[in-house]
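**Q** Have a look at this one.
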Amino acid sequence: MKCLITGGAGFIGSNFINHLLNTYSDSIHIANIDKLTYAGNSANLESIKHLENYSFYKTDICNKTAVKEIFTEFDPDYVIHFAAESHVDRSINNPDIFVQTNIIGTQILLDAALNFGVEKFIQISTDEVYGSLGTNGYFTEKTPLDPNSPYSASKASADLLAKAYYETYDLPVNITRCSNNYGPYQFPEKLIPLTILNCLSGKNIPVYGNGLNVRDWLHVDDHCTAIDAVLNKGRIGEVYNIGGNNEWTNIDIVKLVIRQMSEILPESGISEELIEYVEDRKGHDWRYAIDSSKIRNELGWKPQITFEDGIRKTIHWYLDNREWLNSVVNK
Ligand SMILES: NC(=O)c1ccc[n+]([C@@H]2O[C@H](COP(=O)([O-])OP(=O)(O)OC[C@H]3O[C@@H](n4cnc5c(N)ncnc54)[C@H](O)[C@@H]3O)[C@@H](O)[C@H]2O)c1
């Protein structure tokens, strides 16, 4: 089985490559295309770079010629497309690169996948394409797309292109839409690793607005098993929502991380005094919550990692990997 992974040096992509190697061992061949932006880090894959069944291409997915050359050389059976600009705040400050990478880059990959006759193309997407919920209700796969940020609009555009390639050209496509992930190797601009980093460096922890916006959190390993289920069993042309039924307000997440950090490092002085409420993010979605009954019922997937366990292990991972944390911040 030959899998072409894009964005494999990022947070979820690198965890997914490790998942594939642990699950399929020598029977899998992996090619990883990654531009190594600020969010991509080859150190995430240091332990596997020598493997014969792994190749890395430092390439921009927007470079059509280079993408075609890689497809010619590797001839993938499957494409699992993670590469993206992924941070909402950056998309508000500079939407251009989000349009380039997330939309144009996806179209270039879809074209290559079509020309090389891949068995499946998985578009890794996000619950943010559905927009914002009020206090009640859940996003299902039938919820209309209603994105609010340049990031989510670019991801929704990419999803629509993937759907169009399925409808128009019969490209075998699946789209997955997952809630917020947490776990090792996440760049410390996202809420959980940023909170950990700022606790360690004694810096204020910015919390948008009143901190009451709600997100549904899933451990990255559970996201990886869900993508694997879609890879093997997902019905062609279908969308699968992935979520943890694990809703938290941002402020409660920050307080939880602070509490656990202060228990692990009792002498550190880490406390809620580090919290700094800042002006709300523009167009800040109020609540995301995923109905993942389709993937649970159809593909038999369910999350295995409790939040209590997952968050404790995640904090310990960042504490044990401070060199990694410092290196990505100073990259
Ligand atoms: N992090 C989450 O909570 C979450 C939740 C749902 C869906 N997603 C989606 O999952 C995917 C991966 O997210 P992540 O959090 O791992 O992102 P990330 O920002 O950690 O990693 C993105 C990777 O893509 C690479 N990349 C960016 N632009 C590129 C380009 N033009 N060419 C080649 N490589 C490029 C980066 O170098 C990086 O390695 C994204 O598509 C994102 O939309 C993320």
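Residue numbers start at 1 in each chain; chains themselves are named A, B, ... in the order of the structure tokens; ligands are numbered from 1 in the order shown.
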Do you know which residues are within 7 Å of ligand 1 using only C-alpha atoms and all ligand atoms? Can you write them as a PDB file with N, CA and C atoms, in the first residue's frame?

**A**
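Final output, saved to result_35.pdb:
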ATOM      1  N   THR A   6       0.353  14.552   2.478  1.00  0.00           N
ATOM      2  CA  THR A   6       0.800  15.946   2.379  1.00  0.00           C
ATOM      3  C   THR A   6       0.733  16.568   3.776  1.00  0.00           C
ATOM      4  N   GLY A   7       1.671  17.464   4.056  1.00  0.00           N
ATOM      5  CA  GLY A   7       1.675  18.114   5.378  1.00  0.00           C
ATOM      6  C   GLY A   7       2.061  17.169   6.497  1.00  0.00           C
ATOM      7  N   GLY A   8       2.869  16.166   6.154  1.00  0.00           N
ATOM      8  CA  GLY A   8       3.229  15.143   7.136  1.00  0.00           C
ATOM      9  C   GLY A   8       4.232  15.596   8.181  1.00  0.00           C
ATOM     10  N   ALA A   9       4.781  16.812   8.031  1.00  0.00           N
ATOM     11  CA  ALA A   9       5.686  17.314   9.074  1.00  0.00           C
ATOM     12  C   ALA A   9       4.941  18.211  10.054  1.00  0.00           C
ATOM     13  N   GLY A  10       3.642  18.353   9.866  1.00  0.00           N
ATOM     14  CA  GLY A  10       2.843  19.153  10.796  1.00  0.00           C
ATOM     15  C   GLY A  10       2.319  18.303  11.945  1.00  0.00           C
ATOM     16  N   PHE A  11       1.440  18.883  12.714  1.00  0.00           N
ATOM     17  CA  PHE A  11       0.932  18.246  13.940  1.00  0.00           C
ATOM     18  C   PHE A  11       0.209  16.926  13.630  1.00  0.00           C
ATOM     19  N   ILE A  12      -0.893  16.996  12.916  1.00  0.00           N
ATOM     20  CA  ILE A  12      -1.697  15.777  12.723  1.00  0.00           C
ATOM     21  C   ILE A  12      -1.017  14.850  11.714  1.00  0.00           C
ATOM     22  N   GLY A  13      -0.432  15.451  10.656  1.00  0.00           N
ATOM     23  CA  GLY A  13       0.223  14.625   9.635  1.00  0.00           C
ATOM     24  C   GLY A  13       1.335  13.768  10.212  1.00  0.00           C
ATOM     25  N   ILE A  33       4.965  14.867   1.390  1.00  0.00           N
ATOM     26  CA  ILE A  33       5.248  16.165   0.746  1.00  0.00           C
ATOM     27  C   ILE A  33       4.967  17.251   1.769  1.00  0.00           C
ATOM     28  N   ASP A  34       5.972  18.048   2.088  1.00  0.00           N
ATOM     29  CA  ASP A  34       5.755  19.143   3.039  1.00  0.00           C
ATOM     30  C   ASP A  34       6.690  20.293   2.699  1.00  0.00           C
ATOM     31  N   LYS A  35       6.139  21.491   2.723  1.00  0.00           N
ATOM     32  CA  LYS A  35       6.937  22.687   2.413  1.00  0.00           C
ATOM     33  C   LYS A  35       7.803  23.120   3.598  1.00  0.00           C
ATOM     34  N   LEU A  36       7.524  22.550   4.761  1.00  0.00           N
ATOM     35  CA  LEU A  36       8.181  22.963   6.011  1.00  0.00           C
ATOM     36  C   LEU A  36       8.002  24.468   6.245  1.00  0.00           C
ATOM     37  N   THR A  37       6.772  24.877   6.381  1.00  0.00           N
ATOM     38  CA  THR A  37       6.474  26.246   6.813  1.00  0.00           C
ATOM     39  C   THR A  37       6.844  26.352   8.290  1.00  0.00           C
ATOM     40  N   TYR A  38       6.524  27.471   8.911  1.00  0.00           N
ATOM     41  CA  TYR A  38       6.782  27.622  10.345  1.00  0.00           C
ATOM     42  C   TYR A  38       6.143  26.474  11.144  1.00  0.00           C
ATOM     43  N   ALA A  39       5.030  25.908  10.605  1.00  0.00           N
ATOM     44  CA  ALA A  39       4.285  24.878  11.351  1.00  0.00           C
ATOM     45  C   ALA A  39       4.808  23.470  11.093  1.00  0.00           C
ATOM     46  N   GLY A  40       5.651  23.328  10.080  1.00  0.00           N
ATOM     47  CA  GLY A  40       6.161  21.999   9.751  1.00  0.00           C
ATOM     48  C   GLY A  40       7.556  21.824  10.305  1.00  0.00           C
ATOM     49  N   ASN A  41       7.823  20.664  10.821  1.00  0.00           N
ATOM     50  CA  ASN A  41       9.088  20.477  11.513  1.00  0.00           C
ATOM     51  C   ASN A  41       9.634  19.085  11.231  1.00  0.00           C
ATOM     52  N   THR A  59       8.565  20.128  -0.530  1.00  0.00           N
ATOM     53  CA  THR A  59       7.926  20.654  -1.737  1.00  0.00           C
ATOM     54  C   THR A  59       6.657  21.398  -1.366  1.00  0.00           C
ATOM     55  N   ASP A  60       6.377  22.428  -2.146  1.00  0.00           N
ATOM     56  CA  ASP A  60       5.139  23.187  -1.991  1.00  0.00           C
ATOM     57  C   ASP A  60       4.052  22.505  -2.829  1.00  0.00           C
ATOM     58  N   ILE A  61       2.910  22.216  -2.217  1.00  0.00           N
ATOM     59  CA  ILE A  61       1.836  21.549  -2.988  1.00  0.00           C
ATOM     60  C   ILE A  61       1.305  22.461  -4.099  1.00  0.00           C
ATOM     61  N   CYS A  62       1.642  23.754  -4.048  1.00  0.00           N
ATOM     62  CA  CYS A  62       1.208  24.663  -5.121  1.00  0.00           C
ATOM     63  C   CYS A  62       2.135  24.599  -6.335  1.00  0.00           C
ATOM     64  N   HIS A  81      -4.549  14.074   2.400  1.00  0.00           N
ATOM     65  CA  HIS A  81      -4.142  15.473   2.217  1.00  0.00           C
ATOM     66  C   HIS A  81      -4.365  16.312   3.486  1.00  0.00           C
ATOM     67  N   PHE A  82      -3.263  16.492   4.243  1.00  0.00           N
ATOM     68  CA  PHE A  82      -3.303  17.300   5.466  1.00  0.00           C
ATOM     69  C   PHE A  82      -2.790  18.716   5.237  1.00  0.00           C
ATOM     70  N   ALA A  83      -1.894  18.894   4.251  1.00  0.00           N
ATOM     71  CA  ALA A  83      -1.165  20.174   4.149  1.00  0.00           C
ATOM     72  C   ALA A  83      -2.124  21.347   4.075  1.00  0.00           C
ATOM     73  N   ALA A  84      -1.891  22.318   4.923  1.00  0.00           N
ATOM     74  CA  ALA A  84      -2.755  23.498   4.941  1.00  0.00           C
ATOM     75  C   ALA A  84      -2.101  24.571   5.793  1.00  0.00           C
ATOM     76  N   GLU A  85      -2.506  25.790   5.543  1.00  0.00           N
ATOM     77  CA  GLU A  85      -2.326  26.834   6.544  1.00  0.00           C
ATOM     78  C   GLU A  85      -3.481  26.635   7.502  1.00  0.00           C
ATOM     79  N   SER A  86      -3.199  26.540   8.801  1.00  0.00           N
ATOM     80  CA  SER A  86      -4.217  26.004   9.704  1.00  0.00           C
ATOM     81  C   SER A  86      -4.614  26.923  10.866  1.00  0.00           C
ATOM     82  N   HIS A  87      -4.049  28.129  10.925  1.00  0.00           N
ATOM     83  CA  HIS A  87      -4.340  28.934  12.116  1.00  0.00           C
ATOM     84  C   HIS A  87      -5.274  30.104  11.785  1.00  0.00           C
ATOM     85  N   THR A 101      -2.529  28.016  -0.569  1.00  0.00           N
ATOM     86  CA  THR A 101      -2.233  26.639  -0.135  1.00  0.00           C
ATOM     87  C   THR A 101      -3.506  25.803  -0.024  1.00  0.00           C
ATOM     88  N   GLY A 105      -3.625  24.744  -3.827  1.00  0.00           N
ATOM     89  CA  GLY A 105      -2.820  23.538  -3.557  1.00  0.00           C
ATOM     90  C   GLY A 105      -3.673  22.276  -3.601  1.00  0.00           C
ATOM     91  N   ILE A 124      -8.593  16.082   4.263  1.00  0.00           N
ATOM     92  CA  ILE A 124      -8.702  16.240   5.717  1.00  0.00           C
ATOM     93  C   ILE A 124      -9.228  17.649   6.007  1.00  0.00           C
ATOM     94  N   SER A 125     -10.446  17.698   6.510  1.00  0.00           N
ATOM     95  CA  SER A 125     -11.054  19.002   6.731  1.00  0.00           C
ATOM     96  C   SER A 125     -11.442  19.187   8.206  1.00  0.00           C
ATOM     97  N   THR A 126     -12.238  20.179   8.426  1.00  0.00           N
ATOM     98  CA  THR A 126     -12.482  20.638   9.798  1.00  0.00           C
ATOM     99  C   THR A 126     -13.953  20.937  10.026  1.00  0.00           C
ATOM    100  N   ASP A 127     -14.371  20.825  11.283  1.00  0.00           N
ATOM    101  CA  ASP A 127     -15.764  21.179  11.627  1.00  0.00           C
ATOM    102  C   ASP A 127     -16.024  22.672  11.420  1.00  0.00           C
ATOM    103  N   LYS A 155     -10.937  26.222   3.644  1.00  0.00           N
ATOM    104  CA  LYS A 155     -11.118  24.773   3.802  1.00  0.00           C
ATOM    105  C   LYS A 155     -12.434  24.330   3.166  1.00  0.00           C
ATOM    106  N   ARG A 177     -14.224  15.608   8.474  1.00  0.00           N
ATOM    107  CA  ARG A 177     -14.304  16.908   9.162  1.00  0.00           C
ATOM    108  C   ARG A 177     -14.216  16.660  10.664  1.00  0.00           C
ATOM    109  N   CYS A 178     -13.089  17.070  11.214  1.00  0.00           N
ATOM    110  CA  CYS A 178     -12.816  16.756  12.621  1.00  0.00           C
ATOM    111  C   CYS A 178     -12.880  18.005  13.495  1.00  0.00           C
ATOM    112  N   SER A 179     -13.161  17.761  14.749  1.00  0.00           N
ATOM    113  CA  SER A 179     -13.169  18.838  15.744  1.00  0.00           C
ATOM    114  C   SER A 179     -11.733  19.159  16.173  1.00  0.00           C
ATOM    115  N   ASN A 180     -11.587  20.022  17.178  1.00  0.00           N
ATOM    116  CA  ASN A 180     -10.248  20.441  17.638  1.00  0.00           C
ATOM    117  C   ASN A 180      -9.428  19.258  18.134  1.00  0.00           C
ATOM    118  N   ASN A 181      -8.206  19.165  17.639  1.00  0.00           N
ATOM    119  CA  ASN A 181      -7.299  18.109  18.087  1.00  0.00           C
ATOM    120  C   ASN A 181      -6.340  18.630  19.151  1.00  0.00           C
ATOM    121  N   TYR A 182      -5.878  17.720  20.013  1.00  0.00           N
ATOM    122  CA  TYR A 182      -4.786  18.055  20.922  1.00  0.00           C
ATOM    123  C   TYR A 182      -3.875  16.835  21.018  1.00  0.00           C
ATOM    124  N   GLN A 186       2.024  19.572  18.510  1.00  0.00           N
ATOM    125  CA  GLN A 186       1.182  20.674  18.011  1.00  0.00           C
ATOM    126  C   GLN A 186       1.922  21.991  18.209  1.00  0.00           C
ATOM    127  N   PHE A 187       1.944  22.800  17.176  1.00  0.00           N
ATOM    128  CA  PHE A 187       2.687  24.061  17.236  1.00  0.00           C
ATOM    129  C   PHE A 187       2.090  24.973  18.316  1.00  0.00           C
TER     130      PHE A 187
END

**Q** Taking the backbone alone, and naming residues the way the document does, which bits of range 113-229 of chain A are strand (DSSP E or B) by DSSP, as a VMD selection string?

**A** chain A and resid 120 to 126 133 139 173 to 178 180 to 182 205 to 208 214 to 219

**Q** For the residues selected in the previous step, produce a file with N, CA and C atoms as a compact mmCIF listing (two decimals), in the first residue's frame.

**A**
# COMPACT_ATOMS: atom_id res chain seq x y z
N LYS A 120 -7.87 6.25 -3.74
CA LYS A 120 -8.68 7.12 -2.87
C LYS A 120 -7.91 8.40 -2.55
N PHE A 121 -8.65 9.50 -2.49
CA PHE A 121 -8.09 10.78 -2.06
C PHE A 121 -8.88 11.21 -0.82
N ILE A 122 -8.18 11.38 0.29
CA ILE A 122 -8.89 11.84 1.50
C ILE A 122 -8.56 13.30 1.76
N GLN A 123 -9.58 14.11 1.74
CA GLN A 123 -9.45 15.53 2.05
C GLN A 123 -9.68 15.69 3.55
N ILE A 124 -8.59 16.08 4.26
CA ILE A 124 -8.70 16.24 5.72
C ILE A 124 -9.23 17.65 6.01
N SER A 125 -10.45 17.70 6.51
CA SER A 125 -11.05 19.00 6.73
C SER A 125 -11.44 19.19 8.21
N THR A 126 -12.24 20.18 8.43
CA THR A 126 -12.48 20.64 9.80
C THR A 126 -13.95 20.94 10.03
N LEU A 133 -22.31 27.24 16.04
CA LEU A 133 -23.57 26.79 16.67
C LEU A 133 -23.93 27.71 17.83
N PHE A 139 -23.22 19.64 14.60
CA PHE A 139 -23.00 19.58 13.16
C PHE A 139 -23.13 18.12 12.71
N VAL A 173 -13.17 9.95 -3.70
CA VAL A 173 -12.86 10.94 -2.66
C VAL A 173 -13.61 10.62 -1.37
N ASN A 174 -12.96 10.86 -0.24
CA ASN A 174 -13.65 11.00 1.04
C ASN A 174 -13.24 12.33 1.65
N ILE A 175 -14.16 12.92 2.39
CA ILE A 175 -13.84 14.14 3.13
C ILE A 175 -14.08 13.85 4.61
N THR A 176 -13.08 14.18 5.46
CA THR A 176 -13.30 14.03 6.90
C THR A 176 -13.32 15.42 7.53
N ARG A 177 -14.22 15.61 8.47
CA ARG A 177 -14.30 16.91 9.16
C ARG A 177 -14.22 16.66 10.66
N CYS A 178 -13.09 17.07 11.21
CA CYS A 178 -12.82 16.76 12.62
C CYS A 178 -12.88 18.00 13.49
N ASN A 180 -11.59 20.02 17.18
CA ASN A 180 -10.25 20.44 17.64
C ASN A 180 -9.43 19.26 18.13
N ASN A 181 -8.21 19.17 17.64
CA ASN A 181 -7.30 18.11 18.09
C ASN A 181 -6.34 18.63 19.15
N TYR A 182 -5.88 17.72 20.01
CA TYR A 182 -4.79 18.05 20.92
C TYR A 182 -3.88 16.84 21.02
N ILE A 205 -1.32 34.30 29.51
CA ILE A 205 -2.02 33.40 28.60
C ILE A 205 -3.23 34.14 28.05
N PRO A 206 -3.18 34.54 26.77
CA PRO A 206 -4.29 35.31 26.23
C PRO A 206 -5.53 34.45 26.03
N VAL A 207 -6.67 34.97 26.50
CA VAL A 207 -7.96 34.27 26.31
C VAL A 207 -8.91 35.26 25.64
N TYR A 208 -9.45 34.85 24.50
CA TYR A 208 -10.32 35.75 23.74
C TYR A 208 -11.65 36.03 24.44
N VAL A 214 -17.04 27.62 22.91
CA VAL A 214 -16.97 26.18 23.20
C VAL A 214 -16.37 25.43 22.00
N ARG A 215 -15.46 24.49 22.30
CA ARG A 215 -14.88 23.62 21.29
C ARG A 215 -14.99 22.18 21.76
N ASP A 216 -15.03 21.27 20.78
CA ASP A 216 -15.13 19.83 21.07
C ASP A 216 -13.73 19.24 20.84
N TRP A 217 -13.13 18.68 21.87
CA TRP A 217 -11.71 18.27 21.79
C TRP A 217 -11.56 16.77 21.60
N LEU A 218 -10.62 16.41 20.71
CA LEU A 218 -10.34 15.00 20.43
C LEU A 218 -8.83 14.79 20.42
N HIS A 219 -8.37 13.70 21.03
CA HIS A 219 -6.93 13.41 21.00
C HIS A 219 -6.52 13.04 19.57

**Q** Pick from A:Ile196, A:Ile80, A:Ala164, A:Glu273: nearest to Gln107 in chain A, with only C-alpha atoms counted?

**A** A:Ala164

**Q** Output as JSON lines one row per residue of range 133-206 of chain A within 9 Å of range 245-265 of chain A: the closest atom pair and its distance in Å to one decimal place, counting only C-alpha atoms, sorted by chain and residue number ascending.

**A**
{"residue": "A:Leu191", "atom": "CA", "partner": "A:Val254", "partner_atom": "CA", "distance": 7.8}
{"residue": "A:Ile192", "atom": "CA", "partner": "A:Val254", "partner_atom": "CA", "distance": 7.2}
{"residue": "A:Thr195", "atom": "CA", "partner": "A:Val254", "partner_atom": "CA", "distance": 6.5}
{"residue": "A:Ile196", "atom": "CA", "partner": "A:Val257", "partner_atom": "CA", "distance": 7.0}
{"residue": "A:Cys199", "atom": "CA", "partner": "A:Ile258", "partner_atom": "CA", "distance": 7.1}
{"residue": "A:Leu200", "atom": "CA", "partner": "A:Met261", "partner_atom": "CA", "distance": 8.7}
{"residue": "A:Ile205", "atom": "CA", "partner": "A:Val254", "partner_atom": "CA", "distance": 8.2}

**Q** Tell me, which residues of range 28-68 of chain A carry DSSP helix (DSSP H, G or I), written as a VMD selection string?

**A** chain A and resid 42 to 48 64 to 68

**Q** Extract, using only C-alpha atoms, all DNA, RNA and protein residues at most 10 Å from Tyr165 in chain A, discarding same-chain residues fewer than 4 positions from it, and format them as an mmCIF file with N, CA and C atoms, in the first residue's frame.

**A**
data_model
loop_
_atom_site.group_PDB
_atom_site.id
_atom_site.type_symbol
_atom_site.label_atom_id
_atom_site.label_comp_id
_atom_site.auth_asym_id
_atom_site.auth_seq_id
_atom_site.Cartn_x
_atom_site.Cartn_y
_atom_site.Cartn_z
ATOM 1 N N GLN A 107 -6.463 21.844 -5.266
ATOM 2 C CA GLN A 107 -6.877 21.581 -6.654
ATOM 3 C C GLN A 107 -5.737 20.922 -7.449
ATOM 4 N N LEU A 110 -5.692 17.319 -6.370
ATOM 5 C CA LEU A 110 -6.842 16.578 -6.916
ATOM 6 C C LEU A 110 -6.587 16.229 -8.382
ATOM 7 N N ASP A 111 -6.043 17.197 -9.122
ATOM 8 C CA ASP A 111 -5.733 16.972 -10.530
ATOM 9 C C ASP A 111 -4.714 15.850 -10.691
ATOM 10 N N ALA A 113 -4.035 13.481 -8.562
ATOM 11 C CA ALA A 113 -4.645 12.212 -8.128
ATOM 12 C C ALA A 113 -5.511 11.637 -9.238
ATOM 13 N N LEU A 114 -6.213 12.506 -9.938
ATOM 14 C CA LEU A 114 -7.070 12.067 -11.044
ATOM 15 C C LEU A 114 -6.212 11.519 -12.192
ATOM 16 N N ASP A 159 -13.003 21.616 0.215
ATOM 17 C CA ASP A 159 -13.952 20.496 0.332
ATOM 18 C C ASP A 159 -14.866 20.449 -0.893
ATOM 19 N N LEU A 160 -15.314 21.634 -1.320
ATOM 20 C CA LEU A 160 -16.224 21.682 -2.474
ATOM 21 C C LEU A 160 -15.497 21.244 -3.747
ATOM 22 N N LEU A 161 -14.226 21.596 -3.865
ATOM 23 C CA LEU A 161 -13.454 21.128 -5.027
ATOM 24 C C LEU A 161 -13.317 19.601 -4.992
ATOM 25 N N TYR A 169 -15.634 13.959 -12.158
ATOM 26 C CA TYR A 169 -14.647 13.072 -12.809
ATOM 27 C C TYR A 169 -14.587 11.678 -12.175
ATOM 28 N N ASP A 170 -15.486 11.399 -11.194
ATOM 29 C CA ASP A 170 -15.464 10.097 -10.498
ATOM 30 C C ASP A 170 -14.175 9.844 -9.725
ATOM 31 N N LEU A 171 -13.459 10.915 -9.347
ATOM 32 C CA LEU A 171 -12.292 10.686 -8.493
ATOM 33 C C LEU A 171 -12.782 10.110 -7.163
ATOM 34 N N PRO A 172 -12.225 8.973 -6.716
ATOM 35 C CA PRO A 172 -12.687 8.385 -5.449
ATOM 36 C C PRO A 172 -12.245 9.236 -4.250
ATOM 37 N N VAL A 173 -13.171 9.954 -3.704
ATOM 38 C CA VAL A 173 -12.860 10.944 -2.661
ATOM 39 C C VAL A 173 -13.611 10.620 -1.367
ATOM 40 N N GLY A 237 -17.065 8.935 -1.961
ATOM 41 C CA GLY A 237 -17.944 10.094 -2.154
ATOM 42 C C GLY A 237 -18.548 10.624 -0.863
#

**Q** As an exercise, work out the distance from CA of Gly283 in chain A to CA of Leu194 in chain A in Å and give it to one decimal place.

**A**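 Interatomic distance, CA of Gly283 in chain A to CA of Leu194 in chain A: 21.2 Å.
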
**Q** Using only C-alpha atoms, pick whichever of A:Ile97, A:Leu51, A:Ile30, A:Ile17 has the shortest atom-to-atom distance to Cys3 in chain A.

**A**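 Counting only C-alpha atoms, the residue closest to Cys3 in chain A is A:Ile30.
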
**Q** Please determine, counting only C-alpha atoms, which residue among A:Thr306, A:Ile236, A:Val278, A:Thr314 has the shortest atom-to-atom distance to Glu167 in chain A.

**A**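 Of A:Thr306, A:Ile236, A:Val278, A:Thr314, the one nearest Glu167 in chain A, counting only C-alpha atoms, is A:Ile236.
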
**Q** Can you tell me, as a list of chain:residue names, what residues are no more than 9 Å from Asp228 in chain A when counting only C-alpha atoms, ignoring any on the same chain fewer than 6 positions away?

**A** A:Phe16, A:His19, A:Leu20

**Q** So how many Å separate CA of Leu299 in chain A and CA of Ala229 in chain A, to one decimal?

**A** 6.4 Å
